[in-house]
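Dumped final22.txt below, it's compact mmCIF, C-alpha atoms:
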# COMPACT_ATOMS: atom_id res chain seq x y z
CA MET A 6 -6.15 -11.82 -16.49
CA GLY A 7 -9.38 -12.83 -14.77
CA GLY A 8 -12.70 -13.58 -16.40
CA VAL A 9 -14.41 -11.42 -18.99
CA GLY A 10 -14.66 -7.83 -17.81
CA ARG A 11 -12.42 -8.46 -14.81
CA ARG A 12 -8.77 -7.62 -14.29
CA SER A 13 -6.36 -9.60 -12.18
CA SER A 14 -5.16 -7.92 -8.98
CA VAL A 15 -1.47 -7.26 -8.34
CA PHE A 16 0.23 -6.13 -5.17
CA LEU A 17 3.30 -4.26 -6.42
CA THR A 18 6.17 -3.15 -4.18
CA SER A 19 9.20 -0.96 -4.77
CA GLY A 20 11.61 -3.81 -4.10
CA GLN A 21 12.71 -2.50 -0.73
CA ARG A 22 12.19 -5.38 1.69
CA THR A 23 10.91 -4.18 5.05
CA SER A 24 8.94 -5.88 7.81
CA THR A 25 5.88 -3.86 6.79
CA THR A 26 6.21 -4.83 3.13
CA VAL A 27 6.54 -8.50 4.06
CA LEU A 28 3.42 -8.40 6.22
CA LEU A 29 1.39 -6.58 3.56
CA ALA A 30 2.61 -8.90 0.81
CA GLU A 31 1.56 -11.95 2.86
CA ALA A 32 -1.87 -10.42 3.42
CA ALA A 33 -2.21 -9.59 -0.29
CA ALA A 34 -1.26 -13.11 -1.31
CA GLY A 35 -3.81 -14.44 1.15
CA ARG A 36 -6.48 -12.46 -0.69
CA GLY A 37 -5.52 -13.95 -4.02
CA MET A 38 -3.38 -11.11 -5.37
CA ALA A 39 -0.23 -11.72 -7.37
CA VAL A 40 2.71 -10.22 -5.45
CA ARG A 41 5.39 -8.56 -7.57
CA SER A 42 8.36 -6.30 -6.97
CA LEU A 43 9.90 -3.63 -9.17
CA ALA A 44 13.18 -5.41 -8.47
CA ASP A 45 11.90 -8.32 -10.58
CA ALA A 46 12.62 -8.10 -14.29
CA GLY A 47 9.52 -7.26 -16.29
CA ALA A 48 7.32 -6.69 -13.23
CA LEU A 49 6.13 -3.28 -14.40
CA THR A 50 5.25 -4.46 -17.90
CA ALA A 51 3.53 -7.58 -16.59
CA SER A 52 1.38 -5.45 -14.27
CA ALA A 53 0.31 -2.88 -16.86
CA GLU A 54 -3.09 -4.46 -17.54
CA ALA A 55 -3.81 -5.46 -13.93
CA ALA A 56 -5.59 -3.69 -11.10
CA VAL A 57 -2.47 -2.61 -9.24
CA HIS A 58 -2.27 -2.04 -5.49
CA TRP A 59 0.96 -0.10 -4.99
CA CYS A 60 3.12 -0.22 -1.86
CA GLY A 61 6.28 1.78 -2.30
CA GLY A 62 5.83 5.43 -1.39
CA PRO A 63 7.05 8.29 -3.60
CA LEU A 64 8.26 5.99 -6.39
CA ALA A 65 4.61 5.94 -7.46
CA ALA A 66 5.33 9.19 -9.30
CA ASP A 67 7.74 7.29 -11.58
CA ILE A 68 5.37 4.44 -12.43
CA ALA A 69 1.96 6.14 -12.35
CA ASP A 70 1.72 6.71 -16.10
CA ALA A 71 2.75 3.17 -16.99
CA LEU A 72 0.10 1.72 -14.67
CA ALA A 73 -2.59 4.36 -15.27
CA LEU A 74 -2.61 5.25 -11.58
CA GLY A 75 -4.19 8.51 -10.44
CA LEU A 76 -2.12 10.08 -7.66
CA LEU A 77 -3.85 12.02 -4.90
CA GLU A 78 -2.01 14.34 -2.55
CA PRO A 79 -3.57 16.25 0.35
CA PRO A 80 -2.79 19.98 0.62
CA ASP A 81 -0.03 21.07 2.97
CA ASP A 82 -2.53 22.42 5.49
CA TRP A 83 -4.82 19.39 5.75
CA LEU A 84 -3.48 18.36 9.19
CA ALA A 85 -3.57 21.92 10.50
CA GLU A 86 -7.19 22.24 9.34
CA LEU A 87 -8.40 19.20 11.27
CA PRO A 88 -10.40 19.99 14.43
CA GLU A 89 -8.26 19.90 17.58
CA GLU A 90 -10.80 17.40 18.89
CA PHE A 91 -9.18 14.86 16.57
CA THR A 92 -5.53 15.91 16.56
CA GLY A 93 -5.25 16.30 20.34
CA ARG A 94 -2.86 19.23 19.91
CA ARG A 95 -2.50 22.57 18.21
CA VAL A 96 -1.06 22.30 14.69
CA GLU A 97 -0.16 25.27 12.50
CA LEU A 98 1.11 25.53 8.94
CA THR A 99 3.68 28.28 8.67
CA THR A 100 7.06 29.00 7.06
CA LEU A 101 10.59 28.45 8.28
CA ALA A 102 11.05 32.23 8.44
CA GLU A 103 8.22 32.37 10.98
CA ALA A 104 9.45 29.27 12.81
CA TRP A 105 12.86 30.88 13.26
CA GLN A 106 11.19 33.44 15.52
CA ALA A 107 9.95 30.84 18.02
CA ARG A 108 11.13 31.28 21.60
CA HIS A 109 9.85 27.97 22.97
CA PRO A 110 10.09 24.26 22.08
CA VAL A 111 7.86 22.92 19.30
CA PHE A 112 7.60 19.83 17.17
CA ALA A 113 8.27 20.75 13.53
CA LYS A 114 8.23 18.82 10.27
CA PRO A 115 7.85 19.44 6.54
CA PRO A 116 4.23 18.81 5.48
CA SER A 117 4.95 16.74 2.39
CA ASP A 118 8.63 15.87 2.01
CA LYS A 119 11.85 15.18 3.91
CA SER A 120 13.61 18.49 3.33
CA PHE A 121 14.61 18.64 7.00
CA PRO A 122 14.29 16.27 9.99
CA ALA A 123 10.97 16.01 11.80
CA ALA A 124 11.91 16.67 15.42
CA VAL A 125 11.40 18.66 18.60
CA TYR A 126 13.31 21.95 18.30
CA ALA A 127 14.17 23.80 21.49
CA ASP A 128 13.63 27.21 19.88
CA GLY A 129 13.66 28.99 16.53
CA ALA A 130 17.45 29.17 16.43
CA ARG A 131 17.59 25.36 16.22
CA HIS A 132 15.41 25.08 13.11
CA PRO A 133 17.25 24.25 9.84
CA ARG A 134 18.57 27.19 7.84
CA THR A 135 20.54 25.43 5.11
CA GLY A 136 20.11 22.40 2.90
CA GLU A 137 18.39 21.33 -0.29
CA GLY A 138 14.83 22.63 -0.37
CA VAL A 139 15.34 24.76 2.74
CA SER A 140 14.60 28.50 2.47
CA PRO A 141 12.72 31.17 4.44
CA ASP A 142 9.59 30.31 2.42
CA THR A 143 9.78 26.56 3.08
CA ALA A 144 6.46 25.30 4.46
CA VAL A 145 6.59 23.77 7.93
CA LEU A 146 4.05 22.24 10.30
CA VAL A 147 4.61 23.20 13.93
CA SER A 148 2.68 21.69 16.81
CA ASP A 149 2.57 21.23 20.55
CA ILE A 150 4.94 18.59 21.86
CA VAL A 151 3.12 15.41 22.80
CA THR A 152 3.97 11.82 23.62
CA PHE A 153 1.93 9.24 21.73
CA ALA A 154 1.26 6.18 23.86
CA VAL A 155 -0.13 4.28 20.88
CA GLU A 156 -0.34 5.16 17.19
CA TYR A 157 -2.75 3.74 14.64
CA ARG A 158 -3.04 4.10 10.89
CA LEU A 159 -6.59 4.32 9.63
CA PHE A 160 -7.48 4.15 5.95
CA VAL A 161 -10.39 6.35 4.92
CA LEU A 162 -12.63 5.70 1.92
CA ASP A 163 -15.52 8.01 1.05
CA GLY A 164 -15.51 9.57 4.49
CA ARG A 165 -15.52 6.29 6.45
CA VAL A 166 -12.76 4.29 8.08
CA ALA A 167 -12.30 1.22 5.87
CA ALA A 168 -9.36 -0.46 7.61
CA GLY A 169 -6.71 0.16 10.21
CA SER A 170 -3.96 -1.29 12.35
CA ARG A 171 -1.74 -0.39 15.25
CA TYR A 172 1.46 1.21 14.02
CA ALA A 173 3.66 1.99 17.01
CA VAL A 174 3.80 2.03 20.81
CA TYR A 175 5.67 4.91 22.45
CA GLY A 176 7.44 5.67 19.18
CA ARG A 177 8.60 2.11 18.50
CA LEU A 178 7.30 0.20 15.48
CA ASP A 179 4.90 -2.39 16.86
CA PRO A 180 2.29 -3.38 14.24
CA ASP A 181 -0.79 -5.29 15.30
CA VAL A 182 -4.30 -5.92 14.02
CA VAL A 183 -6.89 -3.85 15.83
CA LEU A 184 -9.79 -3.85 13.38
CA GLN A 185 -11.23 -7.21 12.39
CA ALA A 186 -11.93 -8.23 8.80
CA ALA A 187 -15.53 -8.03 7.69
CA GLY A 188 -17.65 -7.67 4.58
CA PRO A 189 -17.43 -9.36 1.19
CA SER A 190 -14.10 -7.73 0.38
CA GLY A 191 -12.52 -8.98 3.59
CA ALA A 192 -11.29 -5.47 4.34
CA GLY A 193 -10.92 -4.42 7.94
CA HIS A 194 -13.54 -2.02 9.21
CA SER A 195 -14.49 0.23 12.08
CA GLY A 196 -18.16 -0.56 12.08
CA GLY A 197 -18.70 2.13 9.45
CA ARG A 198 -17.65 4.98 11.68
CA GLU A 199 -17.87 8.25 9.78
CA VAL A 200 -14.93 10.61 9.58
CA PRO A 201 -15.49 14.39 9.46
CA GLU A 202 -15.24 15.86 5.98
CA SER A 203 -12.07 17.73 6.97
CA GLY A 204 -10.46 14.48 8.06
CA ALA A 205 -11.52 12.57 4.96
CA ARG A 206 -9.36 14.91 2.89
CA GLY A 207 -6.33 12.89 3.97
CA VAL A 208 -5.67 9.28 3.13
CA ARG A 209 -4.69 8.42 6.70
CA LEU A 210 -5.71 9.57 10.13
CA ARG A 211 -3.73 8.83 13.25
CA GLY A 212 -5.42 6.76 15.89
CA GLU A 213 -6.15 9.70 18.16
CA ALA A 214 -8.85 10.61 15.61
CA PHE A 215 -10.48 7.24 16.20
CA MET A 216 -9.60 6.15 19.74
CA ARG A 217 -9.64 9.22 21.93
CA SER A 218 -8.36 7.30 24.91
CA CYS A 219 -5.01 6.92 23.13
CA ARG A 220 -4.69 10.58 22.28
CA GLY A 221 -1.31 12.12 23.14
CA GLU A 222 -1.13 14.29 26.24
CA PRO A 223 1.10 17.38 26.47
CA SER A 224 4.59 16.43 27.54
CA ASN A 225 8.14 17.71 27.25
CA ARG A 226 9.45 14.29 26.32
CA GLY A 227 9.02 12.47 23.06
CA SER A 228 7.33 13.94 20.04
CA GLY A 229 4.28 13.66 17.88
CA SER A 230 4.11 13.40 14.13
CA ALA A 231 1.53 13.86 11.44
Conversion result in structure tokens:
Amino acid sequence: MGGVGRRSSVFLTSGQRTSTTVLLAEAAAGRGMAVRSLADAGALTASAEAAVHWCGGPLAADIADALALGLLEPPDDWLAELPEEFTGRRVELTTLAEAWQARHPVFAKPPSDKSFPAAVYADGARHPRTGEGVSPDTAVLVSDIVTFAVEYRLFVLDGRVAAGSRYAVYGRLDPDVVLQAAGPSGAGHSGGREVPESGARGVRLRGEAFMRSCRGEPSNRGSGSA
């Protein structure tokens, strides 16, 4: 524990070692956080009284109560509700039953899970019809097909971009720092650029919402994702 009235900070991971996790863990350690993994015996119990920064995806649902974490989840239509000015393409929330009627290629993906592959489907007949969690009422996001030259992940806090980094180049993982550290917390920033209220509903915004010059252009090759 820290001083009186202060909790120690812990960067907790799921135990799955990936290049992203390694980079984030190094950054967390550099900021004075204790780095722990759920693969380590007693890590969850030892972190119970700390200010936990979780990196591990959906497993948060299994540990949220033990760590007193409040989980936030955007609605299925949050991407579809963003202005096209920021998405660079048309995005619609619909159902698989509706998607089956499509007569032209679209990019389709589940809005909040992995019930079927996110991919470009040539027409409605190619969309999934069987599988766990797949039914005519299954929610699906469909959008124009685009090629993303560069992708960024931006982290939004109280309607402003707080930090961000390059994520991929032409669909290949290629992380890089694009926003420099600033401020007493050392967090990356965008110069305090405000994000529209509709965009702030999500935790992340792709880089086309921040750097319009990198916005995907319509193309029949490659695909875009939320």
Between atom CA of Arg22 of chain A and atom CA of Pro180 of chain A, what is the spacing in Å? 16.1 Å
Contacts of segment 24-37 of chain A within 9 Å, all atoms listed in the file, excl. fewer than 6 positions in-chain, as JSON, numbers by chain: {"A": [14, 15, 16, 17, 18, 60, 61, 180, 191]}
Need to verify the contact set: segment 90-103 of chain A, 6 Å, only C-alpha atoms, exclusion of same-chain residues closer than 5 positions in sequence. Can you return it as JSON, numbers by chain? {"A": [82, 85, 141, 142, 143, 144, 145, 146, 147, 148, 149, 214]}
Arg171 of chain A surroundings by all atoms listed in the file, 8 Å radius, close-in-sequence under 4 positions cut, as a PyMOL selection string: chain A and resi 155-158+179-183
Same residues, C-alpha atoms, output as a short mmCIF file (atom, residue, chain, number, x, y, z; two decimals), keeping the file's coordinate frame:
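Result went into out13.cif, see below:
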data_model
loop_
_atom_site.label_atom_id
_atom_site.label_comp_id
_atom_site.auth_asym_id
_atom_site.auth_seq_id
_atom_site.Cartn_x
_atom_site.Cartn_y
_atom_site.Cartn_z
CA VAL A 155 -0.13 4.28 20.88
CA GLU A 156 -0.34 5.16 17.19
CA TYR A 157 -2.75 3.74 14.64
CA ARG A 158 -3.04 4.10 10.89
CA ASP A 179 4.90 -2.39 16.86
CA PRO A 180 2.29 -3.38 14.24
CA ASP A 181 -0.79 -5.29 15.30
CA VAL A 182 -4.30 -5.92 14.02
CA VAL A 183 -6.89 -3.85 15.83
#
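Within a radius of 10 Å around (14.3, 28.1, 18.8), the polymer residues are Ala104, Trp105, Gln106, Ala107, Arg108, His109, Pro110, Val111, Val125, Tyr126, Ala127, Asp128, Gly129, Ala130, Arg131 and His132 of chain A, counting all atoms listed in the file.
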Could you name the residues that touch segment 52-59 of chain A at 10 Å or less, counting only C-alpha atoms, but leaving out those on the same chain fewer than 6 positions away, as a ChimeraX atom specification? /A:6-7,11-19,33,38-42,65,68-74
One number please: atom CA of Leu162 of chain A to atom CA of Glu78 of chain A, in Å, one decimal. 14.4 Å
Missing atoms in segment 165-184 of chain A need filling: write out N, CA and C atoms for it as a compact mmCIF listing (two decimals), in the coordinates of the input.
# COMPACT_ATOMS: atom_id res chain seq x y z
N ARG A 165 -15.38 7.30 5.40
CA ARG A 165 -15.52 6.29 6.45
C ARG A 165 -14.22 5.53 6.61
N VAL A 166 -13.94 5.11 7.84
CA VAL A 166 -12.76 4.29 8.08
C VAL A 166 -13.00 2.91 7.49
N ALA A 167 -12.14 2.50 6.55
CA ALA A 167 -12.30 1.22 5.87
C ALA A 167 -11.43 0.13 6.49
N ALA A 168 -10.27 0.52 7.02
CA ALA A 168 -9.36 -0.46 7.61
C ALA A 168 -8.37 0.27 8.49
N GLY A 169 -7.69 -0.48 9.34
CA GLY A 169 -6.71 0.16 10.21
C GLY A 169 -5.89 -0.87 10.96
N SER A 170 -4.80 -0.41 11.55
CA SER A 170 -3.96 -1.29 12.35
C SER A 170 -3.13 -0.45 13.30
N ARG A 171 -2.67 -1.09 14.36
CA ARG A 171 -1.74 -0.39 15.25
C ARG A 171 -0.40 -0.26 14.54
N TYR A 172 0.22 0.90 14.72
CA TYR A 172 1.46 1.21 14.02
C TYR A 172 2.65 1.20 14.97
N ALA A 173 2.52 1.87 16.10
CA ALA A 173 3.66 1.99 17.01
C ALA A 173 3.18 2.17 18.44
N VAL A 174 4.06 1.83 19.38
CA VAL A 174 3.80 2.03 20.81
C VAL A 174 4.96 2.83 21.38
N TYR A 175 4.65 3.99 21.93
CA TYR A 175 5.67 4.91 22.45
C TYR A 175 6.82 5.11 21.46
N GLY A 176 6.45 5.32 20.20
CA GLY A 176 7.44 5.67 19.18
C GLY A 176 8.16 4.49 18.57
N ARG A 177 7.93 3.29 19.05
CA ARG A 177 8.60 2.11 18.50
C ARG A 177 7.64 1.35 17.59
N LEU A 178 8.13 0.96 16.42
CA LEU A 178 7.30 0.20 15.48
C LEU A 178 6.81 -1.06 16.16
N ASP A 179 5.50 -1.24 16.19
CA ASP A 179 4.90 -2.39 16.86
C ASP A 179 3.55 -2.68 16.22
N PRO A 180 3.55 -3.18 14.97
CA PRO A 180 2.29 -3.38 14.24
C PRO A 180 1.44 -4.48 14.86
N ASP A 181 0.13 -4.29 14.80
CA ASP A 181 -0.79 -5.29 15.30
C ASP A 181 -2.16 -5.02 14.70
N VAL A 182 -2.95 -6.06 14.55
CA VAL A 182 -4.30 -5.92 14.02
C VAL A 182 -5.20 -5.42 15.13
N VAL A 183 -5.96 -4.36 14.83
CA VAL A 183 -6.89 -3.85 15.83
C VAL A 183 -8.32 -3.80 15.30
N LEU A 184 -8.46 -3.86 13.98
CA LEU A 184 -9.79 -3.85 13.38
C LEU A 184 -9.98 -5.16 12.63
